[in-house]
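What follows is final.csv (CSV, C-alpha atoms).
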chain,number,residue,atom,x,y,z
D,12,MET,CA,-14.7,-22.5,-19.9
D,13,GLY,CA,-13.5,-23.8,-16.6
D,14,LYS,CA,-10.1,-25.3,-16.3
D,15,TYR,CA,-9.9,-26.5,-19.9
D,16,SER,CA,-9.0,-24.2,-22.8
D,17,ALA,CA,-11.2,-24.0,-25.9
D,18,PHE,CA,-8.6,-26.0,-27.8
D,19,SER,CA,-8.6,-28.8,-25.2
D,20,VAL,CA,-12.4,-29.0,-25.4
D,21,PHE,CA,-12.2,-29.1,-29.2
D,22,LEU,CA,-9.7,-32.0,-29.1
D,23,PHE,CA,-12.0,-33.7,-26.7
D,24,SER,CA,-14.9,-33.5,-29.2
D,25,ILE,CA,-12.7,-34.9,-31.9
D,26,LEU,CA,-11.8,-37.9,-29.8
D,27,VAL,CA,-15.3,-38.5,-28.6
D,28,SER,CA,-16.5,-38.5,-32.2
D,29,GLN,CA,-14.0,-41.3,-33.0
D,30,SER,CA,-13.8,-43.0,-29.6
D,31,HIS,CA,-14.1,-46.6,-30.9
D,32,VAL,CA,-11.0,-48.7,-30.3
D,33,SER,CA,-9.2,-49.9,-33.4
D,34,ALA,CA,-6.0,-51.5,-34.2
D,35,CYS,CA,-3.2,-49.2,-35.4
D,36,PRO,CA,-2.3,-49.8,-39.1
D,37,LYS,CA,1.0,-51.4,-39.8
D,38,HIS,CA,2.4,-48.0,-40.9
D,39,CYS,CA,1.4,-44.9,-39.1
D,40,ASP,CA,0.2,-41.9,-41.1
D,41,PHE,CA,1.8,-39.0,-39.2
D,42,PRO,CA,0.6,-35.7,-40.6
D,43,ALA,CA,3.0,-33.6,-38.5
D,44,ILE,CA,6.0,-33.7,-36.2
D,45,PHE,CA,6.5,-31.6,-33.1
D,46,ASN,CA,10.1,-31.6,-32.0
D,47,PHE,CA,11.7,-30.6,-28.7
D,48,GLY,CA,15.4,-30.5,-27.9
D,49,ASP,CA,18.8,-28.9,-28.1
D,50,GLY,CA,21.4,-28.1,-30.8
D,51,ASN,CA,21.2,-31.7,-32.1
D,52,SER,CA,17.8,-31.0,-33.6
D,53,ASP,CA,17.5,-27.2,-33.8
D,54,THR,CA,16.6,-26.2,-37.4
D,55,GLY,CA,17.0,-22.5,-36.9
D,56,ALA,CA,15.5,-21.2,-33.7
D,57,PHE,CA,18.8,-20.1,-32.2
D,58,ALA,CA,19.9,-18.5,-35.4
D,59,ALA,CA,16.6,-16.6,-35.7
D,60,TRP,CA,16.8,-15.4,-32.1
D,61,PHE,CA,20.4,-14.6,-31.5
D,62,PHE,CA,22.9,-14.4,-34.4
D,63,GLY,CA,21.4,-15.0,-37.7
D,64,GLN,CA,22.6,-17.6,-40.2
D,65,SER,CA,26.2,-18.5,-39.8
D,66,PRO,CA,28.2,-18.8,-43.0
D,67,PHE,CA,30.0,-21.8,-41.5
D,68,PHE,CA,27.1,-24.3,-41.5
D,69,GLY,CA,25.0,-26.1,-44.1
D,70,GLN,CA,27.5,-26.4,-46.9
D,71,SER,CA,27.1,-30.2,-47.5
D,72,TYR,CA,23.4,-30.0,-48.3
D,73,PHE,CA,21.9,-26.5,-48.2
D,74,ASN,CA,24.7,-24.8,-50.0
D,75,GLY,CA,24.9,-22.4,-47.1
D,76,SER,CA,23.5,-22.0,-43.7
D,77,ALA,CA,20.1,-23.2,-42.8
D,78,GLY,CA,20.2,-22.5,-39.1
D,79,ARG,CA,21.6,-25.9,-38.2
D,80,VAL,CA,24.8,-26.4,-36.2
D,81,SER,CA,26.0,-28.9,-38.8
D,82,ASP,CA,27.3,-29.1,-42.3
D,83,GLY,CA,23.9,-30.3,-43.4
D,84,ARG,CA,20.9,-32.3,-42.4
D,85,LEU,CA,20.2,-33.4,-38.8
D,86,LEU,CA,18.5,-36.5,-37.4
D,87,ILE,CA,15.2,-34.6,-37.3
D,88,ASP,CA,15.5,-33.8,-41.0
D,89,PHE,CA,16.0,-37.4,-41.9
D,90,ILE,CA,13.0,-38.3,-39.7
D,91,ALA,CA,10.8,-35.8,-41.6
D,92,THR,CA,11.9,-37.1,-45.0
D,93,GLU,CA,11.3,-40.7,-44.0
D,94,LEU,CA,7.8,-39.8,-43.0
D,95,GLY,CA,7.2,-37.9,-46.3
D,96,LEU,CA,7.1,-34.5,-44.5
D,97,PRO,CA,8.9,-31.3,-45.2
D,98,PHE,CA,11.7,-30.1,-43.0
D,99,LEU,CA,10.4,-28.5,-39.8
D,100,HIS,CA,10.4,-24.8,-39.4
D,101,PRO,CA,11.6,-23.5,-36.1
D,102,TYR,CA,8.9,-22.0,-33.9
D,103,MET,CA,11.1,-19.0,-33.2
D,104,ASP,CA,11.5,-18.1,-36.9
D,105,SER,CA,9.0,-15.4,-37.9
D,106,LEU,CA,10.0,-15.2,-41.6
D,107,GLY,CA,8.4,-17.6,-44.1
D,108,ALA,CA,7.4,-20.2,-41.5
D,109,ASN,CA,5.0,-22.9,-42.5
D,110,PHE,CA,3.7,-25.0,-39.6
D,111,SER,CA,1.1,-27.1,-41.5
D,112,HIS,CA,3.2,-30.2,-41.0
D,113,GLY,CA,4.5,-29.4,-37.5
D,114,ALA,CA,6.9,-27.2,-35.7
D,115,ASN,CA,10.4,-27.4,-34.1
D,116,PHE,CA,10.8,-26.0,-30.6
D,117,ALA,CA,14.4,-27.2,-30.2
D,118,ASN,CA,17.1,-24.6,-29.4
D,119,VAL,CA,20.9,-24.7,-29.3
D,120,PHE,CA,22.2,-24.9,-25.7
D,121,SER,CA,18.8,-25.8,-24.3
D,122,THR,CA,18.6,-27.9,-21.2
D,123,ILE,CA,16.1,-30.0,-19.3
D,124,GLN,CA,16.7,-28.1,-16.0
D,125,LEU,CA,16.6,-24.3,-15.6
D,126,PRO,CA,19.9,-22.9,-16.9
D,127,THR,CA,22.3,-21.4,-14.4
D,128,ALA,CA,24.0,-19.1,-16.9
D,129,ASN,CA,22.3,-17.6,-19.9
D,130,VAL,CA,23.7,-17.1,-23.4
D,131,ILE,CA,25.9,-14.1,-23.7
D,132,PRO,CA,24.5,-12.1,-26.7
D,133,SER,CA,27.8,-10.9,-28.1
D,134,THR,CA,29.8,-11.5,-31.2
D,135,PRO,CA,29.5,-15.2,-32.3
D,136,PRO,CA,30.3,-17.8,-31.3
D,137,PRO,CA,28.1,-17.6,-28.3
D,138,ARG,CA,28.8,-18.7,-24.8
D,139,GLY,CA,26.6,-19.8,-21.9
D,140,LEU,CA,23.2,-21.7,-21.8
D,141,ASN,CA,19.9,-21.0,-23.5
D,142,PRO,CA,17.2,-19.6,-21.3
D,143,VAL,CA,14.7,-21.5,-23.4
D,144,ASN,CA,14.8,-24.8,-21.5
D,145,LEU,CA,12.5,-27.8,-22.0
D,146,ASP,CA,9.8,-26.3,-19.7
D,147,ILE,CA,9.6,-23.2,-21.8
D,148,GLN,CA,9.6,-25.2,-25.1
D,149,VAL,CA,6.6,-27.2,-23.8
D,150,VAL,CA,4.7,-25.2,-21.3
D,151,SER,CA,5.1,-21.8,-22.8
D,152,GLN,CA,5.7,-22.2,-26.5
D,153,PHE,CA,4.0,-25.4,-27.5
D,154,SER,CA,1.0,-24.9,-25.2
D,155,GLN,CA,0.5,-21.4,-26.6
D,156,PHE,CA,1.0,-22.7,-30.2
D,157,THR,CA,-1.8,-25.3,-29.8
D,158,ASN,CA,-4.3,-22.6,-29.0
D,159,ARG,CA,-3.1,-19.7,-31.1
D,160,SER,CA,-2.7,-21.8,-34.2
D,161,GLN,CA,-6.4,-22.8,-34.0
D,162,THR,CA,-7.7,-19.3,-33.1
D,163,GLN,CA,-5.6,-16.4,-34.2
D,164,GLY,CA,-3.8,-18.6,-36.6
D,165,ARG,CA,-7.0,-19.2,-38.7
D,166,ALA,CA,-6.1,-16.1,-40.7
D,167,PHE,CA,-3.1,-18.1,-41.9
D,168,GLU,CA,-4.9,-21.4,-42.1
D,169,LYS,CA,-2.8,-23.0,-44.8
D,170,PHE,CA,0.3,-22.5,-42.7
D,171,MET,CA,-1.2,-24.1,-39.6
D,172,PRO,CA,-1.7,-27.7,-38.5
D,173,GLU,CA,-5.2,-29.1,-38.5
D,174,PRO,CA,-6.8,-29.6,-35.1
D,175,GLU,CA,-6.6,-33.4,-35.3
D,176,ASP,CA,-2.9,-33.2,-36.2
D,177,PHE,CA,-2.0,-32.6,-32.6
D,178,VAL,CA,-3.4,-36.0,-31.7
D,179,GLN,CA,-2.1,-37.8,-34.8
D,180,ALA,CA,1.4,-36.2,-34.9
D,181,LEU,CA,4.7,-37.7,-33.9
D,182,TYR,CA,6.3,-36.0,-30.9
D,183,THR,CA,10.1,-36.3,-31.0
D,184,ILE,CA,12.3,-35.4,-28.0
D,185,ASP,CA,16.1,-35.2,-27.9
D,186,ILE,CA,17.5,-33.3,-25.0
D,187,GLY,CA,19.8,-33.7,-21.9
D,188,GLN,CA,23.2,-33.6,-23.5
D,189,ILE,CA,24.0,-30.1,-22.3
D,190,ASP,CA,22.7,-30.9,-18.8
D,191,LEU,CA,25.3,-33.6,-18.4
D,192,THR,CA,28.2,-32.0,-20.2
D,193,GLN,CA,27.9,-28.9,-18.1
D,194,GLU,CA,28.2,-31.1,-15.0
D,195,PHE,CA,31.4,-32.7,-16.4
D,196,LEU,CA,32.8,-29.3,-17.3
D,197,ASN,CA,32.1,-28.1,-13.8
D,198,ASN,CA,34.2,-30.9,-12.4
D,199,ARG,CA,31.3,-32.6,-10.6
D,200,THR,CA,32.0,-36.0,-8.9
D,201,ASP,CA,30.4,-39.2,-10.0
D,202,ASP,CA,28.1,-39.0,-7.0
D,203,GLU,CA,27.1,-35.4,-7.7
D,204,VAL,CA,26.3,-36.2,-11.3
D,205,ARG,CA,24.2,-39.3,-10.4
D,206,ALA,CA,22.4,-37.2,-7.8
D,207,ILE,CA,20.9,-34.8,-10.4
D,208,VAL,CA,19.8,-37.5,-12.8
D,209,PRO,CA,16.5,-38.4,-11.1
D,210,GLY,CA,15.4,-34.8,-11.1
D,211,LEU,CA,16.3,-34.4,-14.8
D,212,ILE,CA,14.3,-37.5,-15.7
D,213,ASN,CA,11.3,-36.4,-13.6
D,214,ARG,CA,11.3,-33.0,-15.3
D,215,LEU,CA,11.6,-34.6,-18.7
D,216,THR,CA,8.7,-37.1,-18.1
D,217,ALA,CA,6.6,-34.4,-16.6
D,218,ASN,CA,6.9,-32.4,-19.8
D,219,ILE,CA,6.0,-35.4,-21.8
D,220,GLN,CA,2.8,-35.8,-19.7
D,221,ILE,CA,2.0,-32.2,-20.5
D,222,LEU,CA,2.3,-33.0,-24.2
D,223,TYR,CA,0.0,-35.9,-23.6
D,224,SER,CA,-2.5,-33.7,-22.0
D,225,LEU,CA,-2.4,-31.4,-25.0
D,226,GLY,CA,-3.2,-34.3,-27.4
D,227,GLY,CA,0.1,-36.1,-28.0
D,228,ARG,CA,-0.2,-39.8,-28.3
D,229,SER,CA,2.9,-40.9,-30.3
D,230,PHE,CA,6.3,-40.2,-28.7
D,231,TRP,CA,9.8,-40.9,-30.1
D,232,ILE,CA,12.3,-40.3,-27.3
D,233,HIS,CA,16.0,-40.3,-27.9
D,234,ASN,CA,18.5,-41.2,-25.2
D,235,LEU,CA,21.9,-39.4,-25.0
D,236,GLY,CA,24.8,-40.2,-27.3
D,237,PRO,CA,28.3,-41.1,-26.0
D,238,ASN,CA,29.3,-37.8,-24.4
D,239,GLY,CA,32.7,-39.2,-23.6
D,240,CYS,CA,33.6,-39.0,-27.3
D,241,LEU,CA,32.8,-35.3,-27.7
D,242,PRO,CA,35.8,-33.0,-28.5
D,243,ILE,CA,34.5,-30.4,-26.0
D,244,LEU,CA,34.9,-32.8,-23.1
D,245,LEU,CA,38.0,-34.5,-24.3
D,246,THR,CA,39.6,-31.0,-24.6
D,247,LEU,CA,38.2,-29.0,-21.7
D,248,ALA,CA,37.7,-31.8,-19.2
D,249,PRO,CA,40.4,-34.2,-20.2
D,250,VAL,CA,41.1,-37.6,-18.6
D,251,PRO,CA,44.4,-39.5,-18.6
D,252,ASP,CA,44.9,-41.8,-21.6
D,253,ASP,CA,44.5,-44.9,-19.4
D,254,GLN,CA,41.0,-43.8,-18.8
D,255,LEU,CA,40.1,-43.7,-22.5
D,256,ASP,CA,38.5,-46.8,-24.0
D,257,SER,CA,39.6,-48.5,-27.2
D,258,ALA,CA,37.7,-46.0,-29.3
D,259,GLY,CA,39.5,-43.1,-27.6
D,260,CYS,CA,36.5,-41.9,-25.6
D,261,ALA,CA,36.4,-41.0,-21.9
D,262,ILE,CA,35.1,-44.0,-20.0
D,263,ARG,CA,33.9,-42.1,-17.0
D,264,TYR,CA,31.7,-39.7,-19.0
D,265,ASN,CA,30.2,-42.5,-21.0
D,266,VAL,CA,29.4,-44.6,-17.9
D,267,LEU,CA,27.6,-41.6,-16.4
D,268,THR,CA,25.8,-40.9,-19.6
D,269,GLN,CA,24.6,-44.6,-19.7
D,270,TYR,CA,23.4,-44.1,-16.2
D,271,PHE,CA,21.2,-41.2,-17.4
D,272,ASN,CA,20.0,-43.4,-20.3
D,273,THR,CA,19.1,-46.3,-17.9
D,274,GLU,CA,17.0,-43.9,-15.8
D,275,LEU,CA,15.4,-42.4,-18.9
D,276,LYS,CA,14.4,-45.8,-20.1
D,277,ARG,CA,12.9,-46.5,-16.7
D,278,GLY,CA,11.0,-43.2,-16.9
D,279,VAL,CA,9.7,-43.9,-20.4
D,280,ASP,CA,8.6,-47.4,-19.4
D,281,GLY,CA,6.7,-45.8,-16.5
D,282,LEU,CA,4.9,-43.5,-19.0
D,283,GLY,CA,3.9,-46.5,-21.0
D,284,THR,CA,2.4,-48.1,-17.9
D,285,ASP,CA,0.6,-45.0,-16.8
D,286,PHE,CA,-0.8,-44.2,-20.3
D,287,PRO,CA,-1.2,-47.5,-22.1
D,288,LEU,CA,-3.1,-46.2,-25.1
D,289,ALA,CA,-0.3,-43.9,-26.1
D,290,ALA,CA,2.9,-45.1,-27.7
D,291,PHE,CA,6.2,-44.2,-26.0
D,292,THR,CA,9.3,-45.4,-28.0
D,293,TYR,CA,12.7,-45.2,-26.3
D,294,VAL,CA,15.3,-44.9,-29.0
D,295,ASP,CA,18.9,-46.0,-28.2
D,296,ILE,CA,20.9,-43.2,-29.9
D,297,TYR,CA,23.9,-44.1,-27.7
D,298,SER,CA,24.4,-47.5,-29.3
D,299,ALA,CA,23.9,-46.1,-32.8
D,300,ARG,CA,26.4,-43.2,-32.4
D,301,TYR,CA,29.0,-45.2,-30.4
D,302,SER,CA,29.2,-47.8,-33.1
D,303,LEU,CA,30.7,-45.0,-35.4
D,304,TYR,CA,33.5,-44.5,-32.9
D,305,GLN,CA,34.1,-48.2,-32.5
D,306,GLU,CA,34.5,-48.8,-36.3
D,307,PRO,CA,35.2,-45.5,-37.9
D,308,GLU,CA,37.0,-47.0,-40.9
D,309,ARG,CA,33.9,-49.0,-41.7
D,310,TYR,CA,31.9,-45.8,-42.1
D,311,GLY,CA,34.5,-43.7,-43.8
D,312,PHE,CA,35.5,-41.5,-40.8
D,313,THR,CA,39.2,-40.7,-40.9
D,314,HIS,CA,39.0,-38.2,-38.0
D,315,PRO,CA,36.5,-39.8,-35.6
D,316,LEU,CA,37.4,-37.8,-32.5
D,317,GLU,CA,38.2,-34.4,-34.0
D,318,ALA,CA,35.9,-31.5,-34.6
D,319,CYS,CA,35.4,-30.6,-38.3
D,320,CYS,CA,35.0,-26.9,-37.6
D,321,GLY,CA,37.5,-25.9,-34.9
D,322,TYR,CA,41.2,-25.3,-34.4
D,323,GLY,CA,44.1,-26.6,-32.3
D,324,GLY,CA,45.1,-29.4,-30.1
D,325,ARG,CA,44.6,-33.1,-30.2
D,326,TYR,CA,40.9,-32.9,-31.1
D,327,ASN,CA,40.9,-29.8,-33.3
D,328,TYR,CA,39.0,-27.9,-30.6
D,329,GLY,CA,39.7,-25.0,-28.2
D,330,GLU,CA,37.6,-22.9,-25.9
D,331,ASN,CA,38.9,-19.8,-27.6
D,332,SER,CA,39.1,-21.2,-31.1
D,333,LEU,CA,35.5,-22.3,-31.7
D,334,CYS,CA,33.9,-22.6,-35.2
D,335,GLY,CA,33.5,-19.1,-36.6
D,336,SER,CA,35.9,-17.4,-34.1
D,337,THR,CA,38.5,-14.9,-35.3
D,338,ILE,CA,41.8,-15.9,-33.6
D,339,THR,CA,45.5,-14.9,-33.8
D,340,VAL,CA,48.2,-17.6,-34.1
D,341,ASN,CA,51.9,-16.6,-34.4
D,342,GLY,CA,50.9,-13.1,-35.2
D,343,THR,CA,48.5,-14.0,-38.0
D,344,GLN,CA,44.8,-13.4,-37.6
D,345,PHE,CA,42.3,-15.7,-39.3
D,346,THR,CA,38.8,-17.1,-38.9
D,347,VAL,CA,38.2,-20.7,-37.8
D,348,VAL,CA,36.4,-22.3,-40.7
D,349,PRO,CA,35.0,-25.9,-41.4
D,350,CYS,CA,37.1,-28.7,-42.6
D,351,GLU,CA,37.3,-29.5,-46.3
D,352,ASN,CA,35.5,-32.8,-46.1
D,353,PRO,CA,32.9,-33.0,-43.3
D,354,SER,CA,32.0,-36.6,-44.2
D,355,ASP,CA,35.5,-37.6,-42.8
D,356,TYR,CA,34.3,-36.4,-39.3
D,357,ILE,CA,31.7,-37.6,-36.8
D,358,ASN,CA,31.6,-34.4,-34.9
D,359,TYR,CA,31.0,-31.0,-36.5
D,360,GLU,CA,32.0,-28.2,-34.0
D,361,GLY,CA,32.7,-30.0,-30.7
D,362,GLN,CA,29.2,-30.9,-29.5
D,363,THR,CA,27.0,-31.6,-32.5
D,364,TYR,CA,27.3,-34.1,-35.4
D,365,THR,CA,28.0,-34.0,-39.1
D,366,GLN,CA,25.4,-34.8,-41.7
D,367,ALA,CA,27.3,-38.0,-42.5
D,368,ALA,CA,27.2,-39.2,-38.9
D,369,ASP,CA,23.5,-38.3,-38.5
D,370,GLU,CA,22.5,-40.1,-41.7
D,371,ILE,CA,24.2,-43.3,-40.6
D,372,THR,CA,22.7,-42.9,-37.1
D,373,PHE,CA,19.2,-42.4,-38.6
D,374,ASN,CA,19.6,-45.5,-40.7
D,375,LYS,CA,20.4,-47.5,-37.5
D,376,ILE,CA,17.5,-46.2,-35.4
D,377,SER,CA,14.7,-46.0,-37.9
D,378,THR,CA,14.2,-49.7,-38.2
D,379,GLY,CA,13.2,-50.2,-34.6
D,380,GLN,CA,16.2,-52.6,-33.9
D,381,LEU,CA,17.5,-50.1,-31.3
D,382,SER,CA,14.2,-49.1,-29.8
D,383,HIS,CA,12.1,-50.3,-26.9
D,384,PRO,CA,9.5,-51.4,-27.7
D,385,PRO,CA,11.0,-52.4,-31.1
D,386,ASN,CA,8.9,-49.9,-33.1
D,387,SER,CA,10.2,-48.6,-36.3
D,388,LEU,CA,9.8,-44.9,-37.1
D,389,LYS,CA,6.8,-45.7,-39.2
D,390,THR,CA,5.1,-47.9,-36.6
D,391,ALA,CA,5.6,-45.7,-33.6
D,392,CYS,CA,1.9,-44.8,-33.1
D,393,PRO,CA,-0.5,-46.4,-30.5
D,394,GLN,CA,-1.9,-49.9,-30.9
D,395,PHE,CA,-5.3,-48.3,-30.2
D,396,SER,CA,-5.9,-45.1,-32.1
D,397,LEU,CA,-8.2,-43.0,-30.0
D,398,GLU,CA,-9.2,-42.4,-26.4
D,399,LEU,CA,-10.9,-39.7,-24.4
D,400,PRO,CA,-8.0,-37.4,-23.7
D,401,GLY,CA,-6.7,-37.0,-20.1
D,402,MET,CA,-7.0,-34.6,-19.3
D,403,ILE,CA,-4.9,-36.5,-16.9
Can you present the structure in this file as structure tokens?
Amino acid sequence: MGKYSAFSVFLFSILVSQSHVSACPKHCDFPAIFNFGDGNSDTGAFAAWFFGQSPFFGQSYFNGSAGRVSDGRLLIDFIATELGLPFLHPYMDSLGANFSHGANFANVFSTIQLPTANVIPSTPPPRGLNPVNLDIQVVSQFSQFTNRSQTQGRAFEKFMPEPEDFVQALYTIDIGQIDLTQEFLNNRTDDEVRAIVPGLINRLTANIQILYSLGGRSFWIHNLGPNGCLPILLTLAPVPDDQLDSAGCAIRYNVLTQYFNTELKRGVDGLGTDFPLAAFTYVDIYSARYSLYQEPERYGFTHPLEACCGYGGRYNYGENSLCGSTITVNGTQFTVVPCENPSDYINYEGQTYTQAADEITFNKISTGQLSHPPNSLKTACPQFSLELPGMI
């Protein structure tokens, strides 16, 4: 069939049949969500692939582990609920998966760029980076999913999205945190960190263009949160106290994170210019999350800079005392378990967030007040509903 897959031609026929231009309704009717990212939005892929369900996660909502590196729901879960959709099943989970309302391709430790050190498959907690970077999530996994779900997947039709769902779905992207934190942990200079950012943004936007070519038209793109407030960096790459801001976060790491975010916004704006009939919403997660550190008492956080599930030191975090580790202290062996009240904490295990923090963050970003353009979650679809696909 030439250079286009059968599925691409089918999408083309759908759009041709509805190729009139019409104003987008005030509220979008997203039938599905397709999510791409790292541990901040992984709903079970890493657990299914590597270590199974950890007993130290999920206690605040799921009454036990649900594959999330958190005590409960993540931002992506709140997004799904707001849109009236069920929680997303991870693409990597082969047991009981239902993809009729979308799929989650996010994976703990995933990066934008190709990883330089893979996850070490040993006793949890794991070390290293995930070989499933954004390229694999998009080019290998999602691209394959679009075709297989409409061909081989027809035997399981009720568990698969409808063909038109790929055009009408919301595509959510939240990745890049691991790319930057690894640079900080490797003692890169400011200039060295800045030098890699354009390449990261180019790679990220190139993958978004691939999603566009596969039918995506509505994109909800998160920037990075304040990495300088993460226990992992404050512990393993500490800065002097006079280089901490009033919230106790490392100024340097946050400045460099904001540089990444500035370049990401530039990249997202460029996508909007190149593909004017699609909707690209840049979401300022940084401002939403940083406000929690600025006013922790307002939101009920009594331990804003400490990890809920960790042990030791100023930030309740240690490289050898991670959540779930078995450690020995003063001759006594014990397992590192979560705190009693996760809602008192912003951070869960050193790099990801608690359900309480994610719920407040979601409430801040869903209205559109922290987005560019100022689309709310429910109005993040194109102004013009259909076009002949690019097939760029």
Review point. How far is it from CA of Ile357 in chain D to CA of Pro315 in chain D, in Å with one decimal?
Key: 5.4 Å
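Near range 317-327 of chain D, within 7 Å and counting only C-alpha atoms, sit Pro242, Thr246, Ser332, Leu333, Cys334, Val347, Val348, Pro349, Cys350, Pro353, Tyr356, Asn358, Tyr359, Glu360 and Gly361 of chain D; same-chain residues fewer than 4 positions away were not included.
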Practice item. Within 10 Å of Ile376 in chain D, counting only C-alpha atoms, which residues show up once you throw out same-chain ones fewer than 5 positions away? Write them as a ChimeraX atom specification, please. Key: /D:86,233,294-296,298-300,371,381-382,385-388
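Counting only C-alpha atoms and comparing D:Gly75, D:Gly83, D:Pro66, D:Pro287, the residue that lies closest to Gln366 in chain D is D:Gly83.
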Practice item. Identify, on the basis of only C-alpha atoms, every residue whose closest approach to range 147-162 of chain D does not exceed 8 Å; exclude the query and any residue fewer than 6 positions from it along the same chain; express the result as a list of chain:residue names. Key: D:Ser16, D:Ala17, D:Phe18, D:Phe47, D:Phe116, D:Ala117, D:Met171, D:Pro172, D:Glu173, D:Pro174, D:Phe177, D:Asn218, D:Ile221, D:Leu222, D:Leu225
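Omitting Ala248 in chain D and its sequence neighbours fewer than 5 positions away, and counting all atoms listed in the file, the residues within 8 Å are Phe195, Leu196, Asn198 and Ile243 of chain D.
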Practice item. Just the residues within 9 Å of Pro384 in chain D, please, counting all atoms listed in the file, with nothing from its chain fewer than 6 positions along; format it as a ChimeraX atom specification. Key: /D:291-294
Exercise for review: Up to 9 Å from (36.8, -9.6, -35.4) in the file's coordinates: name the residues, counting all atoms listed in the file, as a ChimeraX atom specification.
Suggested key: /D:134,336-338,346
Exercise for review: Go through D:Ile189, D:Ala43, D:Leu181, D:Ala91 and flag the residue nearest Pro126 in chain D, using only C-alpha atoms for the distances.
Suggested key: D:Ile189
**Study point:** Interatomic distance (Å, one decimal) between CA of Leu215 in chain D and CA of Ile186 in chain D
**Key:**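 Going from CA of Leu215 in chain D over to CA of Ile186 in chain D covers 8.7 Å.
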Review point. What gap, in Å, lies between CA of Lys276 in chain D and CA of Leu303 in chain D?
Key: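 That distance, rounded to one decimal, is 22.4 Å.
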**Study point:** Expected residue set, 7 Å radius at (-1.6, -27.8, -40.4), all atoms listed in the file, as number ranges by chain
**Key:** D: 110-113, 169-173, 176
Point to revise | Option closest in space to Asn197 in chain D, from D:Thr127, D:Thr390, D:Ser76, D:Gln220 [counting all atoms listed in the file] | key: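 Checking each of D:Thr127, D:Thr390, D:Ser76, D:Gln220 against Asn197 in chain D, counting all atoms listed in the file, the winner is D:Thr127.
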Since the input has fewer atoms than a full residue there, write range 272-276 of chain D out with all heavy atoms, as an mmCIF file, in the frame of the given file.
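Heads up, here's the output in out27.cif:
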data_model
loop_
_atom_site.group_PDB
_atom_site.id
_atom_site.type_symbol
_atom_site.label_atom_id
_atom_site.label_comp_id
_atom_site.auth_asym_id
_atom_site.auth_seq_id
_atom_site.Cartn_x
_atom_site.Cartn_y
_atom_site.Cartn_z
ATOM 1 N N ASN D 272 20.830 -42.683 -19.290
ATOM 2 C CA ASN D 272 20.000 -43.400 -20.300
ATOM 3 C C ASN D 272 19.200 -44.524 -19.596
ATOM 4 O O ASN D 272 18.033 -44.757 -19.944
ATOM 5 C CB ASN D 272 20.871 -43.963 -21.374
ATOM 6 C CG ASN D 272 21.414 -42.874 -22.294
ATOM 7 O OD1 ASN D 272 20.897 -41.763 -22.325
ATOM 8 N ND2 ASN D 272 22.462 -43.198 -23.042
ATOM 9 N N THR D 273 19.803 -45.207 -18.648
ATOM 10 C CA THR D 273 19.100 -46.300 -17.900
ATOM 11 C C THR D 273 17.891 -45.697 -17.177
ATOM 12 O O THR D 273 16.786 -46.260 -17.196
ATOM 13 C CB THR D 273 20.030 -46.978 -16.945
ATOM 14 O OG1 THR D 273 21.090 -47.602 -17.678
ATOM 15 C CG2 THR D 273 19.285 -48.039 -16.143
ATOM 16 N N GLU D 274 18.111 -44.560 -16.521
ATOM 17 C CA GLU D 274 17.000 -43.900 -15.800
ATOM 18 C C GLU D 274 15.967 -43.351 -16.731
ATOM 19 O O GLU D 274 14.772 -43.365 -16.419
ATOM 20 C CB GLU D 274 17.579 -42.825 -14.873
ATOM 21 C CG GLU D 274 18.460 -43.362 -13.747
ATOM 22 C CD GLU D 274 17.731 -44.396 -12.902
ATOM 23 O OE1 GLU D 274 16.669 -44.072 -12.337
ATOM 24 O OE2 GLU D 274 18.224 -45.538 -12.814
ATOM 25 N N LEU D 275 16.404 -42.864 -17.881
ATOM 26 C CA LEU D 275 15.400 -42.400 -18.900
ATOM 27 C C LEU D 275 14.558 -43.513 -19.357
ATOM 28 O O LEU D 275 13.336 -43.357 -19.470
ATOM 29 C CB LEU D 275 16.181 -41.728 -20.044
ATOM 30 C CG LEU D 275 15.295 -41.293 -21.222
ATOM 31 C CD1 LEU D 275 14.293 -40.225 -20.778
ATOM 32 C CD2 LEU D 275 16.150 -40.771 -22.379
ATOM 33 N N LYS D 276 15.156 -44.650 -19.639
ATOM 34 C CA LYS D 276 14.400 -45.800 -20.100
ATOM 35 C C LYS D 276 13.349 -46.192 -19.019
ATOM 36 O O LYS D 276 12.190 -46.507 -19.319
ATOM 37 C CB LYS D 276 15.251 -46.983 -20.418
ATOM 38 C CG LYS D 276 14.477 -48.179 -20.958
ATOM 39 C CD LYS D 276 15.390 -49.325 -21.317
ATOM 40 C CE LYS D 276 14.578 -50.491 -21.880
ATOM 41 N NZ LYS D 276 13.605 -51.032 -20.895
#
